[in-house]
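**Student:** This is the structure I want to talk about, given as structure tokens.
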Amino acid sequence: MAQGGRELYHPEDYERLRQGYRDSRLSGKPYEGTHRARTKSGEIRWVYESHRAVERTDNSVIMEGVLIDITAQRVVEDAVRESEARFRSLFENAPAGIIIKDREGRVTAANDTFLNWMDWDRDEVVGKTVRDLLKDNSGSVVEEEDREVLETGKTKVRELTFPSASGRLITTTNMRAPMLTPEGDVTGVCSFLIDITESKALEAQLQQAQKMEAVGRLAGGIAHDFNNLLGAMMGFNAFLMQDLDQKSPQHNYASRIDQAGRRAKQLVAQILTFSRMGPTERKGFDLVPVVDEALNLLRGSLPASTQIITEYGVDRAPIVGNSGQLSQVLMNLGVNANDAFDGGDGQITVSIDRVHGSDPVLDALRSTSSNLQKERVEVTEMVPRGLQLLSGTLADGSDCLRISVADNGSGIAPDVLASMFDPFFTTKEMRKGTGLGLSVVRTIVSSHEGAMRVTTAAGEGTTFEVYLPLAGRSVELRRSDDVSAMPKGHGLVLVIDDENDVADMLSIGLERLGYEVAVGRDGKEGLEIFREAEDDWRGAIVDQVMPEARGIDVIGEIKKQRPDMPCILCTGYSDTLTEQKALDSGADAFFLKPVTAETLGRKLGDLLSD
Ligand SMILES: Nc1ncnc2c1ncn2[C@@H]1O[C@H](COP(=O)(O)OP(=O)(O)OP(=O)(O)O)[C@@H](O)[C@H]1O
Ligand SMILES: [Mg+2]
């Protein structure tokens, strides 16, 4: 058969075979090999063949040997090879890192996934212990835990952090299992590692966010109490300023207290807004005088080297929102712009414009790749130079107002730009900046359904643009109060407040305006005093949050006897009572604390038509 024709062999094996036969014949050595042969019926079988050339006495040469059908064995071998390849690919590319060590802790195998994480070469690793490989002490921790698995023969799951060759810290869940022989002997340890670095980082971020929220709430609570105290301090100080000779050093001291107090009030307002405990009342109002007033305050507090220019493209800017908060936005942007001059000369240009609903700028602020996302902060490069940041998302296609604050200062570096809206992010020294300014701006703008665009170029300056939905025509705009001469008054007024300093400040203040004042230290005492001379009172000023009775209920009682008597309700920031609710419940006017005696006196005068 071996010497038969070409048709007896598989065509792929034929040449190799012929060569083999020839070599064997020439060398005189036996031939040995495997090949595919064709049977009579045309079937292909794997055969093992061994033969040698034997010379007969008549000088002819014949082949003598054996031919064994090994087809069945080949099929098994192929299956084993294929299954091995499958398992190897599974091993190498598994989404888990796999590392196998012998009883002495030497690495016998590690998969590609693991080697890639660690930036290791297979050759560097095999035969070494993890203690050799890991530079920090995590190596000895691993060895100790491996030993436990070797001794107990039980699996073990642990969280483990270790450094890669390039120094990146990887946190994993490490599942270890003993490597067992069919007899049950432990020959080593196999570890499966799942990379949990990213989810760990997210978890830490979440914890941080929760901590920040708690801190914010705590700070908000303190700020609220502080605000009341500040009201009393500034109120008494205002009396000093009125009484002291304007040219005296004492008047100068008092006015310094007043300036510092105003700054403290701003700081408290920042914290209250940040912790979302600030006033949230919304009204229709004209933004132009609000911006003017904020700029006046800024001019008073910024150095003379900073020039503020206004370019208004509108006469009126109707907005629905909170005027105090929007003036806070301007103050924060203005102070930041001034800081960007670093003490040198600089120019801040503030403009207000109306932007048509179809303007491409508004399109960019509406269309976001990640749907409607209020919290987005997106930084892109601009042509020909500089960076643009978009923050927040406008909801619909209506016209907007744009308030823009532009400076010709330092500009903002890309990494700062990306983080500057984060609470407590600051590049300023200790005590110079808290890093709350822009996060407050962002909170306020997003609560007004607005969005922002910031453009900046290194050395050329920065422009912050705030886009706010324009109020519809039907919105009624309130006028801000006229603050001219001190209001004068007369007659008996009842002040009910449980906070002594506040009550004293208000009563002294109202007396200075000409009223006679009686003070009730809580709701019950207040009503008792009221009943002693029911018909003689000209008005009442009542605090909302008091022990015993709420201000609004005290006013209800008073109104039962004296529906004509003007009653003013005062409340702190943390209270949820809105002006509308207060008025609906019978109060004639409503103020957020801290409020000055002067403001109350003016309102009382209005209500009494004095
Ligand atoms: N107009 C600007 N020009 C250059 N950098 C700015 C400008 N506005 C903000 N930044 C940068 O953004 C950072 C964050 O500003 P943010 O107002 O939130 O905090 P702050 O000014 O550092 O502190 P705070 O406002 O609480 O006093 C600033 O530290 C500054 O680096
Ligand atoms: Mg700031």
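Lettering and numbering for the structure tokens are positional, with chains as A, B, ... in the shown order, residues counted from 1 in each chain, and ligands counted from 1 in the shown order.
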For the contact check between chain A and ligand 1, emit one row per residue of chain A within 9 Å, containing the shortest atom pair and the distance in Å rounded to one decimal, counting only C-alpha atoms and all ligand atoms, chain then rising number order, as JSON lines.

**Tutor:**
```
{"residue": "A:Leu267", "atom": "CA", "partner": "ligand 1", "partner_atom_place_in_ligand_line": "26 (O)", "distance": 8.7}
{"residue": "A:Gln270", "atom": "CA", "partner": "ligand 1", "partner_atom_place_in_ligand_line": "26 (O)", "distance": 8.4}
{"residue": "A:Asn332", "atom": "CA", "partner": "ligand 1", "partner_atom_place_in_ligand_line": "25 (O)", "distance": 6.2}
{"residue": "A:Leu333", "atom": "CA", "partner": "ligand 1", "partner_atom_place_in_ligand_line": "8 (N)", "distance": 6.7}
{"residue": "A:Gly334", "atom": "CA", "partner": "ligand 1", "partner_atom_place_in_ligand_line": "1 (N)", "distance": 7.8}
{"residue": "A:Val335", "atom": "CA", "partner": "ligand 1", "partner_atom_place_in_ligand_line": "21 (O)", "distance": 7.3}
{"residue": "A:Asn336", "atom": "CA", "partner": "ligand 1", "partner_atom_place_in_ligand_line": "8 (N)", "distance": 4.6}
{"residue": "A:Ala337", "atom": "CA", "partner": "ligand 1", "partner_atom_place_in_ligand_line": "1 (N)", "distance": 3.9}
{"residue": "A:Asn338", "atom": "CA", "partner": "ligand 1", "partner_atom_place_in_ligand_line": "1 (N)", "distance": 7.3}
{"residue": "A:Asp339", "atom": "CA", "partner": "ligand 1", "partner_atom_place_in_ligand_line": "3 (N)", "distance": 7.0}
{"residue": "A:Ala340", "atom": "CA", "partner": "ligand 1", "partner_atom_place_in_ligand_line": "3 (N)", "distance": 4.5}
{"residue": "A:Phe341", "atom": "CA", "partner": "ligand 1", "partner_atom_place_in_ligand_line": "3 (N)", "distance": 8.1}
{"residue": "A:Val405", "atom": "CA", "partner": "ligand 1", "partner_atom_place_in_ligand_line": "1 (N)", "distance": 8.4}
{"residue": "A:Ala406", "atom": "CA", "partner": "ligand 1", "partner_atom_place_in_ligand_line": "1 (N)", "distance": 7.6}
{"residue": "A:Asp407", "atom": "CA", "partner": "ligand 1", "partner_atom_place_in_ligand_line": "1 (N)", "distance": 6.3}
{"residue": "A:Asn408", "atom": "CA", "partner": "ligand 1", "partner_atom_place_in_ligand_line": "3 (N)", "distance": 8.5}
{"residue": "A:Gly409", "atom": "CA", "partner": "ligand 1", "partner_atom_place_in_ligand_line": "3 (N)", "distance": 6.2}
{"residue": "A:Ser410", "atom": "CA", "partner": "ligand 1", "partner_atom_place_in_ligand_line": "4 (C)", "distance": 5.7}
{"residue": "A:Gly411", "atom": "CA", "partner": "ligand 1", "partner_atom_place_in_ligand_line": "4 (C)", "distance": 4.9}
{"residue": "A:Ile412", "atom": "CA", "partner": "ligand 1", "partner_atom_place_in_ligand_line": "4 (C)", "distance": 4.7}
{"residue": "A:Ala413", "atom": "CA", "partner": "ligand 1", "partner_atom_place_in_ligand_line": "5 (N)", "distance": 7.9}
{"residue": "A:Val416", "atom": "CA", "partner": "ligand 1", "partner_atom_place_in_ligand_line": "31 (O)", "distance": 6.2}
{"residue": "A:Leu417", "atom": "CA", "partner": "ligand 1", "partner_atom_place_in_ligand_line": "12 (O)", "distance": 6.9}
{"residue": "A:Ser419", "atom": "CA", "partner": "ligand 1", "partner_atom_place_in_ligand_line": "12 (O)", "distance": 7.9}
{"residue": "A:Met420", "atom": "CA", "partner": "ligand 1", "partner_atom_place_in_ligand_line": "14 (C)", "distance": 4.5}
{"residue": "A:Phe421", "atom": "CA", "partner": "ligand 1", "partner_atom_place_in_ligand_line": "18 (O)", "distance": 5.8}
{"residue": "A:Asp422", "atom": "CA", "partner": "ligand 1", "partner_atom_place_in_ligand_line": "18 (O)", "distance": 7.1}
{"residue": "A:Pro423", "atom": "CA", "partner": "ligand 1", "partner_atom_place_in_ligand_line": "18 (O)", "distance": 6.8}
{"residue": "A:Phe424", "atom": "CA", "partner": "ligand 1", "partner_atom_place_in_ligand_line": "18 (O)", "distance": 6.8}
{"residue": "A:Phe425", "atom": "CA", "partner": "ligand 1", "partner_atom_place_in_ligand_line": "14 (C)", "distance": 5.6}
{"residue": "A:Thr426", "atom": "CA", "partner": "ligand 1", "partner_atom_place_in_ligand_line": "29 (O)", "distance": 3.5}
{"residue": "A:Thr427", "atom": "CA", "partner": "ligand 1", "partner_atom_place_in_ligand_line": "29 (O)", "distance": 3.9}
{"residue": "A:Lys428", "atom": "CA", "partner": "ligand 1", "partner_atom_place_in_ligand_line": "29 (O)", "distance": 5.1}
{"residue": "A:Glu429", "atom": "CA", "partner": "ligand 1", "partner_atom_place_in_ligand_line": "22 (O)", "distance": 8.3}
{"residue": "A:Arg431", "atom": "CA", "partner": "ligand 1", "partner_atom_place_in_ligand_line": "27 (O)", "distance": 8.3}
{"residue": "A:Lys432", "atom": "CA", "partner": "ligand 1", "partner_atom_place_in_ligand_line": "27 (O)", "distance": 6.3}
{"residue": "A:Gly433", "atom": "CA", "partner": "ligand 1", "partner_atom_place_in_ligand_line": "23 (O)", "distance": 3.4}
{"residue": "A:Thr434", "atom": "CA", "partner": "ligand 1", "partner_atom_place_in_ligand_line": "26 (O)", "distance": 3.6}
{"residue": "A:Gly435", "atom": "CA", "partner": "ligand 1", "partner_atom_place_in_ligand_line": "19 (O)", "distance": 3.2}
{"residue": "A:Leu436", "atom": "CA", "partner": "ligand 1", "partner_atom_place_in_ligand_line": "26 (O)", "distance": 3.8}
{"residue": "A:Gly437", "atom": "CA", "partner": "ligand 1", "partner_atom_place_in_ligand_line": "25 (O)", "distance": 3.4}
{"residue": "A:Leu438", "atom": "CA", "partner": "ligand 1", "partner_atom_place_in_ligand_line": "18 (O)", "distance": 3.6}
{"residue": "A:Ser439", "atom": "CA", "partner": "ligand 1", "partner_atom_place_in_ligand_line": "18 (O)", "distance": 5.6}
{"residue": "A:Val440", "atom": "CA", "partner": "ligand 1", "partner_atom_place_in_ligand_line": "18 (O)", "distance": 7.6}
{"residue": "A:Val441", "atom": "CA", "partner": "ligand 1", "partner_atom_place_in_ligand_line": "18 (O)", "distance": 8.2}
{"residue": "A:Thr456", "atom": "CA", "partner": "ligand 1", "partner_atom_place_in_ligand_line": "3 (N)", "distance": 8.1}
{"residue": "A:Gly461", "atom": "CA", "partner": "ligand 1", "partner_atom_place_in_ligand_line": "3 (N)", "distance": 6.6}
{"residue": "A:Thr462", "atom": "CA", "partner": "ligand 1", "partner_atom_place_in_ligand_line": "1 (N)", "distance": 5.3}
{"residue": "A:Thr463", "atom": "CA", "partner": "ligand 1", "partner_atom_place_in_ligand_line": "1 (N)", "distance": 7.1}
{"residue": "A:Phe464", "atom": "CA", "partner": "ligand 1", "partner_atom_place_in_ligand_line": "1 (N)", "distance": 7.5}
```

**Student:** Of the candidates A:Gln561, A:Thr171, A:Thr578, A:Ser507, which one gets nearest to Leu527 in chain A if we count only C-alpha atoms?

**Tutor:**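 Comparing A:Gln561, A:Thr171, A:Thr578, A:Ser507 against Leu527 in chain A, the winner is A:Gln561.
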
**Student:** List every residue of range 419-563 of chain A that DSSP, applied to the backbone of this structure, assigns to helix (DSSP H, G or I), and report them as a PyMOL selection string.

**Tutor:** chain A and resi 419+437-447+500-512+523-532+551-561

**Student:** Do a neighbour search on Arg176 in chain A at 6 Å with only C-alpha atoms, toss out local chain neighbours closer than 5 positions, and write the hits as a JSON list (two decimals) with C-alpha atoms, in the first residue's frame.

**Tutor:**
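Below is the file out_5.json, written as the result:
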```json
[["chain", "number", "residue", "atom", "x", "y", "z"],
["A", 155, "THR", "CA", -11.96, 29.99, 48.89],
["A", 156, "LYS", "CA", -11.53, 33.56, 50.13],
["A", 190, "CYS", "CA", -5.73, 30.75, 41.71],
["A", 191, "SER", "CA", -6.90, 34.37, 42.09]]
```

**Student:** Which of range 414-478 of chain A end up as strand (DSSP E) when DSSP is run on this backbone - answer as a PyMOL selection string?

**Tutor:** chain A and resi 451-457+461-469

**Student:** What's around Cys567 in chain A at 12 Å? Count only C-alpha atoms, leave out sequence neighbours fewer than 5 positions away in its own chain, and write the answer as a ChimeraX atom specification.

**Tutor:** /A:493-496,537-544,551-559,562,582-583,585-591,600,603-605,607-608
